[in-house]
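Novice: One structure, as structure tokens, below. Some questions next.
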Amino acid sequence: MDGARLYIVVLCVFLLLAPAGSFAADGPASTPAGSATTPSAVSDNGALVSPPHGFLGRIEQPYRPATLPPPNVANSDRLDSLTRAGNLYLSLQDTLALALENNLDIEILRYIPRVAEANVQRARAGGFASLTSTSVLAGPASVGGVAPSSGLQAYQVVPSTAIGITPPTFDPMLVGSAGWAHTTAPQSNTIVSGTTALIQRQDTSSLSLQQYLQSGTQVSLGMTNSTIFTNSNRSSFSPATTSSAVFNISQHLLQGFGPAVNNRQIRIAKNYREISDLTFRAQVITTVSAIADLYWDLVSFNENVRVKRDAMAASQRLLSDNRKQVEVGTMAPISVVQAEAEIASDQQALTVAETQLLQQETVLKNALTRTGVMGRGGRVILTDTIKVPDVEAIAPIQDSMAQAEASRPELSQFRIMLQTQQIAIRGTRNEMMPTLDLVAALQNNALAGDANPLFTGAVPPAFTGGYGTVLSQIFARHFPTYSVGFNLNVPIRNRAAQADYINSELVLRQQQVALHRMENQVRVEVQNAVIGLQQARAQYQSAVEQRVLEEQTLDAEQKKLAMGVSTTYNVILVQRDLVTAQSNEVAARSAYAKARVEMDRVTGQTLYNNNIAMDDAVKGKVARPPSPIPDTVPTPAPRVLPQR
């Protein structure tokens, strides 16, 4: 047993001194771009891994569970930097930066690439690749609105990657065994054993290292030892040690041959990891588009409140003027009642507008913080306004469609799925082949021991000695054994393999049709976005023109009232029309801003046009510093109703 223990130590030292990943089926895992990890302490999938310490640390590290950090539920420092006197000052760029750092939808999807990275590690060891979720969470909706689109809702066809030949295990395996046995057997014939009670003690041990290669080759190297102590006087040695060093190799020649078949799950897992990155990108685009819509809606709600306040002020001035004229007898008292009724109506409209504004602020603050509205009781003050350019720069529809087809993450995902299915088909096609293996073995045998004092015959001196004699015989190859042969297994009907191949091909055809359908849908979305942008611009221009005409109409009606040729009721009606026109202008301006957001989304330019780097989104930390809080917030000039 001393020799066996020595052999175990030698093999362990060999394994520990081998370079890391020397037996790996693939190269080392690459760290995702922009991942905020420490290479010595954090793995690619975000798990905390303590570096090994000393000799025993290197042995036990693969068998220790990784520790995952708890989720981060604290807001980023940017939120405090943009707060003054309890109020949150936001430009559009700061709003989007807060979304990247604090939005919980993005944080949830931030785990998807990490799960995919763990699946890559599993595939490298020889497991089947598994596809993570490709669903995208819909963004938050404005008050009284609907959630914006989260992308294409096309028919998704998942590749059939879990059929075909089973992937081999690429992690090396160290297999060992040890046993001790004691036997006392009565002997009816003493000629063979030389005793009436044969007593034997047998110590056995074995240790082997096994490895499967991507070429379809399986190799193993090991050693077995057996030491027997006996009281028989017919045995030349007691104890007697027999050992053998065995090298086995098996090579698949048909089914399971070549890296293209055996490492397909690794390549599929890498494709799935890329799909998970695209899923995260789609989530960022969806969330950024939704947050931009919330921002512009909040701008519009602020403008709507100003419109309602201006209308309220105009009604109060009308009431004051009417009271003066009633006092001097130039106007009937009913005019005061009509003006007071209009003030009550304006007050109701103003209350609704102000409450909608507060609700919209709550929705926006909840989307920009990890803690929701807790501790965020202040108001949201916006520093950007909606600007409608005089000339609309619209690219040709063909260019926009080509840009969308090249940039939309949903299309890239589906194209990768097509590639994945084509990789999987190699496994199902190879499964149809018979199994033909070349097997070979090389074994060196040895025997050594101490002379049995009960044995009366001559003891061969070449076998006398300890475990060193055994090793010298093995390495000198005094007693070699060779073998080579073929194993053939031919399924007669092969129906399972045929069905798997047909299934894989049908899935591929489905994916090809679904991709074509998705491309058509992208073109439709681009066409609708272009039309929607043109429509929003036309509506805005019409709303501006209508508001100007209503202002002129009200001015004329107030002059007629002053000359006594009109009534308070007529002035109130025209005043209501002006308020409606102003509200329509605000809504049209908001619709134009949201149409621009939708145009960026459908063409895949949301991140580029908003200066968003995916590295910042992955890390959850935007490199761009917060905007300085302005001393005076730029706001659009309020629309004041004309006075008499």
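Lettering and numbering for the structure tokens are positional, with chains as A, B, ... in the shown order, residues counted from 1 in each chain, and ligands counted from 1 in the shown order.
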Show which residues sit within 7 Å of region 317-330 of chain A, as number ranges by chain. Count only C-alpha atoms, and ignore same-chain residues fewer than 6 positions away.

Specialist: A: 336, 339-340

Novice: Using only C-alpha atoms, which protein or nucleic acid residues come within 10 Å of Gln255 (chain A)? Drop anything in the same chain fewer than 2 positions from it, and give the result as a ChimeraX atom specification.

Specialist: /A:165,216,252-253,257-258,261,427,429-437,489

Novice: Find, counting only C-alpha atoms, the residue in A:Ala260, A:Leu104, A:Val548, A:Leu96 that gets nearest to Asn610 (chain A).

Specialist: A:Leu96

Novice: How close does each residue of region 274-389 of chain A get to region 67-78 of chain A, giving the shortest atom pair and distance in Å to one decimal for every residue with an atom at most 10 Å away, counting only C-alpha atoms, sorted by chain and residue number, as CSV?

Specialist:
```
residue,atom,partner,partner_atom,distance
A:Leu368,CA,A:Asn75,CA,8.9
A:Thr369,CA,A:Asn75,CA,6.0
A:Arg370,CA,A:Asn75,CA,5.6
A:Thr371,CA,A:Val73,CA,6.8
A:Gly372,CA,A:Asn75,CA,9.6
```

Novice: Check the DSSP output for the backbone and give back, as a PDB file with C-alpha atoms, in the first residue's frame, the residues of region 327-503 of chain A in alpha helix (DSSP H).

Specialist:
```
ATOM      1  CA  GLU A 327     -72.270  98.237 -11.095  1.00  0.00           C
ATOM      2  CA  VAL A 328     -72.449 101.141 -13.544  1.00  0.00           C
ATOM      3  CA  ILE A 334     -76.784  87.579 -15.689  1.00  0.00           C
ATOM      4  CA  SER A 335     -73.364  88.282 -17.225  1.00  0.00           C
ATOM      5  CA  VAL A 336     -71.785  87.961 -13.773  1.00  0.00           C
ATOM      6  CA  VAL A 337     -73.498  84.615 -13.225  1.00  0.00           C
ATOM      7  CA  GLN A 338     -72.278  83.354 -16.603  1.00  0.00           C
ATOM      8  CA  ALA A 339     -68.708  84.424 -15.815  1.00  0.00           C
ATOM      9  CA  GLU A 340     -68.838  82.735 -12.406  1.00  0.00           C
ATOM     10  CA  ALA A 341     -70.090  79.507 -14.015  1.00  0.00           C
ATOM     11  CA  GLU A 342     -67.198  79.612 -16.461  1.00  0.00           C
ATOM     12  CA  ILE A 343     -64.739  80.029 -13.560  1.00  0.00           C
ATOM     13  CA  ALA A 344     -66.192  76.937 -11.884  1.00  0.00           C
ATOM     14  CA  SER A 345     -65.772  74.956 -15.111  1.00  0.00           C
ATOM     15  CA  ASP A 346     -62.199  76.214 -15.537  1.00  0.00           C
ATOM     16  CA  GLN A 347     -61.390  75.307 -11.941  1.00  0.00           C
ATOM     17  CA  GLN A 348     -62.542  71.746 -12.528  1.00  0.00           C
ATOM     18  CA  ALA A 349     -60.431  71.450 -15.678  1.00  0.00           C
ATOM     19  CA  LEU A 350     -57.408  72.894 -13.863  1.00  0.00           C
ATOM     20  CA  THR A 351     -57.805  70.406 -11.006  1.00  0.00           C
ATOM     21  CA  VAL A 352     -57.917  67.492 -13.447  1.00  0.00           C
ATOM     22  CA  ALA A 353     -54.804  68.789 -15.260  1.00  0.00           C
ATOM     23  CA  GLU A 354     -52.872  69.268 -12.010  1.00  0.00           C
ATOM     24  CA  THR A 355     -53.754  65.813 -10.690  1.00  0.00           C
ATOM     25  CA  GLN A 356     -52.743  64.230 -14.009  1.00  0.00           C
ATOM     26  CA  LEU A 357     -49.434  66.070 -13.749  1.00  0.00           C
ATOM     27  CA  LEU A 358     -48.842  64.709 -10.242  1.00  0.00           C
ATOM     28  CA  GLN A 359     -49.736  61.192 -11.361  1.00  0.00           C
ATOM     29  CA  GLN A 360     -47.360  61.434 -14.324  1.00  0.00           C
ATOM     30  CA  GLU A 361     -44.550  62.590 -12.012  1.00  0.00           C
ATOM     31  CA  THR A 362     -45.217  59.562  -9.820  1.00  0.00           C
ATOM     32  CA  VAL A 363     -45.024  57.206 -12.802  1.00  0.00           C
ATOM     33  CA  LEU A 364     -41.766  58.777 -13.972  1.00  0.00           C
ATOM     34  CA  LYS A 365     -40.153  58.719 -10.519  1.00  0.00           C
ATOM     35  CA  ASN A 366     -41.115  55.067 -10.085  1.00  0.00           C
ATOM     36  CA  ALA A 367     -39.463  54.215 -13.421  1.00  0.00           C
ATOM     37  CA  LEU A 368     -36.250  56.075 -12.535  1.00  0.00           C
ATOM     38  CA  ILE A 397     -38.200  54.829 -46.930  1.00  0.00           C
ATOM     39  CA  GLN A 398     -35.941  52.201 -48.515  1.00  0.00           C
ATOM     40  CA  ASP A 399     -32.958  53.470 -46.502  1.00  0.00           C
ATOM     41  CA  SER A 400     -34.985  53.433 -43.285  1.00  0.00           C
ATOM     42  CA  MET A 401     -36.123  49.868 -43.931  1.00  0.00           C
ATOM     43  CA  ALA A 402     -32.568  48.717 -44.675  1.00  0.00           C
ATOM     44  CA  GLN A 403     -31.366  50.446 -41.514  1.00  0.00           C
ATOM     45  CA  ALA A 404     -34.061  48.714 -39.476  1.00  0.00           C
ATOM     46  CA  GLU A 405     -33.268  45.284 -40.916  1.00  0.00           C
ATOM     47  CA  ALA A 406     -29.599  45.747 -40.004  1.00  0.00           C
ATOM     48  CA  SER A 407     -30.141  47.242 -36.540  1.00  0.00           C
ATOM     49  CA  PRO A 409     -32.106  43.214 -32.230  1.00  0.00           C
ATOM     50  CA  GLU A 410     -35.158  41.010 -32.826  1.00  0.00           C
ATOM     51  CA  LEU A 411     -34.049  40.261 -36.379  1.00  0.00           C
ATOM     52  CA  SER A 412     -30.484  39.575 -35.254  1.00  0.00           C
ATOM     53  CA  GLN A 413     -31.827  37.164 -32.643  1.00  0.00           C
ATOM     54  CA  PHE A 414     -33.776  35.222 -35.230  1.00  0.00           C
ATOM     55  CA  ARG A 415     -30.861  35.051 -37.643  1.00  0.00           C
ATOM     56  CA  ILE A 416     -28.708  33.591 -34.860  1.00  0.00           C
ATOM     57  CA  MET A 417     -31.455  31.064 -34.136  1.00  0.00           C
ATOM     58  CA  LEU A 418     -31.285  30.012 -37.779  1.00  0.00           C
ATOM     59  CA  GLN A 419     -27.529  29.486 -37.473  1.00  0.00           C
ATOM     60  CA  THR A 420     -28.102  27.552 -34.250  1.00  0.00           C
ATOM     61  CA  GLN A 421     -30.592  25.232 -35.917  1.00  0.00           C
ATOM     62  CA  GLN A 422     -28.159  24.570 -38.749  1.00  0.00           C
ATOM     63  CA  ILE A 423     -25.511  23.628 -36.169  1.00  0.00           C
ATOM     64  CA  ALA A 424     -27.993  21.330 -34.426  1.00  0.00           C
ATOM     65  CA  ILE A 425     -28.830  19.598 -37.716  1.00  0.00           C
ATOM     66  CA  ARG A 426     -25.245  18.356 -37.882  1.00  0.00           C
ATOM     67  CA  GLY A 427     -25.871  16.390 -34.709  1.00  0.00           C
ATOM     68  CA  THR A 428     -29.101  14.849 -35.972  1.00  0.00           C
ATOM     69  CA  ARG A 429     -27.534  14.011 -39.350  1.00  0.00           C
ATOM     70  CA  ASN A 430     -24.568  12.372 -37.626  1.00  0.00           C
ATOM     71  CA  GLU A 431     -26.955  10.388 -35.415  1.00  0.00           C
ATOM     72  CA  TYR A 467       7.012  -1.374  -5.061  1.00  0.00           C
ATOM     73  CA  GLY A 468      10.096   0.079  -6.676  1.00  0.00           C
ATOM     74  CA  THR A 469      10.605  -3.244  -8.440  1.00  0.00           C
ATOM     75  CA  VAL A 470       7.021  -3.091  -9.654  1.00  0.00           C
ATOM     76  CA  LEU A 471       7.496   0.398 -11.133  1.00  0.00           C
ATOM     77  CA  SER A 472      10.799  -0.554 -12.765  1.00  0.00           C
ATOM     78  CA  GLN A 473       9.127  -3.530 -14.470  1.00  0.00           C
ATOM     79  CA  ILE A 474       6.240  -1.344 -15.671  1.00  0.00           C
ATOM     80  CA  PHE A 475       8.411   1.425 -17.114  1.00  0.00           C
ATOM     81  CA  ALA A 476      10.831  -1.094 -18.599  1.00  0.00           C
ATOM     82  CA  ARG A 495     -36.403   5.236 -37.087  1.00  0.00           C
ATOM     83  CA  ALA A 496     -35.496   7.404 -34.104  1.00  0.00           C
ATOM     84  CA  ALA A 497     -32.583   9.026 -35.934  1.00  0.00           C
ATOM     85  CA  GLN A 498     -34.727   9.521 -39.044  1.00  0.00           C
ATOM     86  CA  ALA A 499     -37.443  11.208 -36.979  1.00  0.00           C
ATOM     87  CA  ASP A 500     -34.925  13.491 -35.255  1.00  0.00           C
ATOM     88  CA  TYR A 501     -33.499  14.599 -38.579  1.00  0.00           C
ATOM     89  CA  ILE A 502     -36.941  15.283 -40.068  1.00  0.00           C
ATOM     90  CA  ASN A 503     -37.885  17.231 -36.940  1.00  0.00           C
TER      91      ASN A 503
END
```

Novice: Could you give me, as a PyMOL selection string, the residues within 9 Å of region 179-192 of chain A, counting only C-alpha atoms and dropping anything in the same chain fewer than 4 positions from it?

Specialist: chain A and resi 196-205+232+234

Novice: Selected residues, N, CA and C atoms, written as a PDB file, in the first residue's frame, please.

Specialist:
```pdb
ATOM      1  N   THR A 196      -4.600 -26.488   5.792  1.00  0.00           N
ATOM      2  CA  THR A 196      -6.017 -26.834   5.924  1.00  0.00           C
ATOM      3  C   THR A 196      -6.908 -25.599   6.055  1.00  0.00           C
ATOM      4  N   ALA A 197      -6.339 -24.470   6.374  1.00  0.00           N
ATOM      5  CA  ALA A 197      -7.089 -23.210   6.498  1.00  0.00           C
ATOM      6  C   ALA A 197      -6.292 -22.119   5.785  1.00  0.00           C
ATOM      7  N   LEU A 198      -6.726 -21.781   4.583  1.00  0.00           N
ATOM      8  CA  LEU A 198      -6.022 -20.789   3.781  1.00  0.00           C
ATOM      9  C   LEU A 198      -6.461 -19.386   4.222  1.00  0.00           C
ATOM     10  N   ILE A 199      -5.486 -18.644   4.682  1.00  0.00           N
ATOM     11  CA  ILE A 199      -5.745 -17.270   5.141  1.00  0.00           C
ATOM     12  C   ILE A 199      -5.103 -16.306   4.147  1.00  0.00           C
ATOM     13  N   GLN A 200      -5.934 -15.357   3.650  1.00  0.00           N
ATOM     14  CA  GLN A 200      -5.442 -14.352   2.705  1.00  0.00           C
ATOM     15  C   GLN A 200      -5.975 -12.973   3.081  1.00  0.00           C
ATOM     16  N   ARG A 201      -5.095 -12.015   2.919  1.00  0.00           N
ATOM     17  CA  ARG A 201      -5.510 -10.618   3.035  1.00  0.00           C
ATOM     18  C   ARG A 201      -5.104  -9.907   1.754  1.00  0.00           C
ATOM     19  N   GLN A 202      -6.082  -9.254   1.130  1.00  0.00           N
ATOM     20  CA  GLN A 202      -5.832  -8.630  -0.164  1.00  0.00           C
ATOM     21  C   GLN A 202      -6.132  -7.134  -0.086  1.00  0.00           C
ATOM     22  N   ASP A 203      -5.150  -6.323  -0.460  1.00  0.00           N
ATOM     23  CA  ASP A 203      -5.300  -4.870  -0.546  1.00  0.00           C
ATOM     24  C   ASP A 203      -5.280  -4.488  -2.025  1.00  0.00           C
ATOM     25  N   THR A 204      -6.326  -3.809  -2.478  1.00  0.00           N
ATOM     26  CA  THR A 204      -6.418  -3.412  -3.892  1.00  0.00           C
ATOM     27  C   THR A 204      -6.584  -1.897  -3.989  1.00  0.00           C
ATOM     28  N   SER A 205      -6.056  -1.347  -5.057  1.00  0.00           N
ATOM     29  CA  SER A 205      -6.219   0.082  -5.333  1.00  0.00           C
ATOM     30  C   SER A 205      -6.100   0.296  -6.833  1.00  0.00           C
ATOM     31  N   SER A 232      -0.166 -19.641   2.701  1.00  0.00           N
ATOM     32  CA  SER A 232       0.071 -20.849   1.903  1.00  0.00           C
ATOM     33  C   SER A 232       1.572 -21.035   1.684  1.00  0.00           C
ATOM     34  N   ARG A 234       2.633 -22.818  -0.680  1.00  0.00           N
ATOM     35  CA  ARG A 234       2.808 -23.043  -2.098  1.00  0.00           C
ATOM     36  C   ARG A 234       3.070 -21.732  -2.862  1.00  0.00           C
TER      37      ARG A 234
END
```

Novice: May I ask for the distance between CA of Ala332 (chain A) and CA of Gln575 (chain A), given in Å to one decimal place?

Specialist: 19.9 Å

Novice: Could you pull out the strand (DSSP E) residues of region 49-295 of chain A, going by DSSP on the backbone, and write them as a VMD selection string?

Specialist: chain A and resid 83 to 84 87 to 90 173 to 186 197 to 212 217 to 230 237 to 252

Novice: Just the number, please: distance in Å from CA of Ser590 (chain A) to CA of Leu533 (chain A), one decimal.

Specialist: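 Value for the CA of Ser590 (chain A)-CA of Leu533 (chain A) distance: 11.6 Å.
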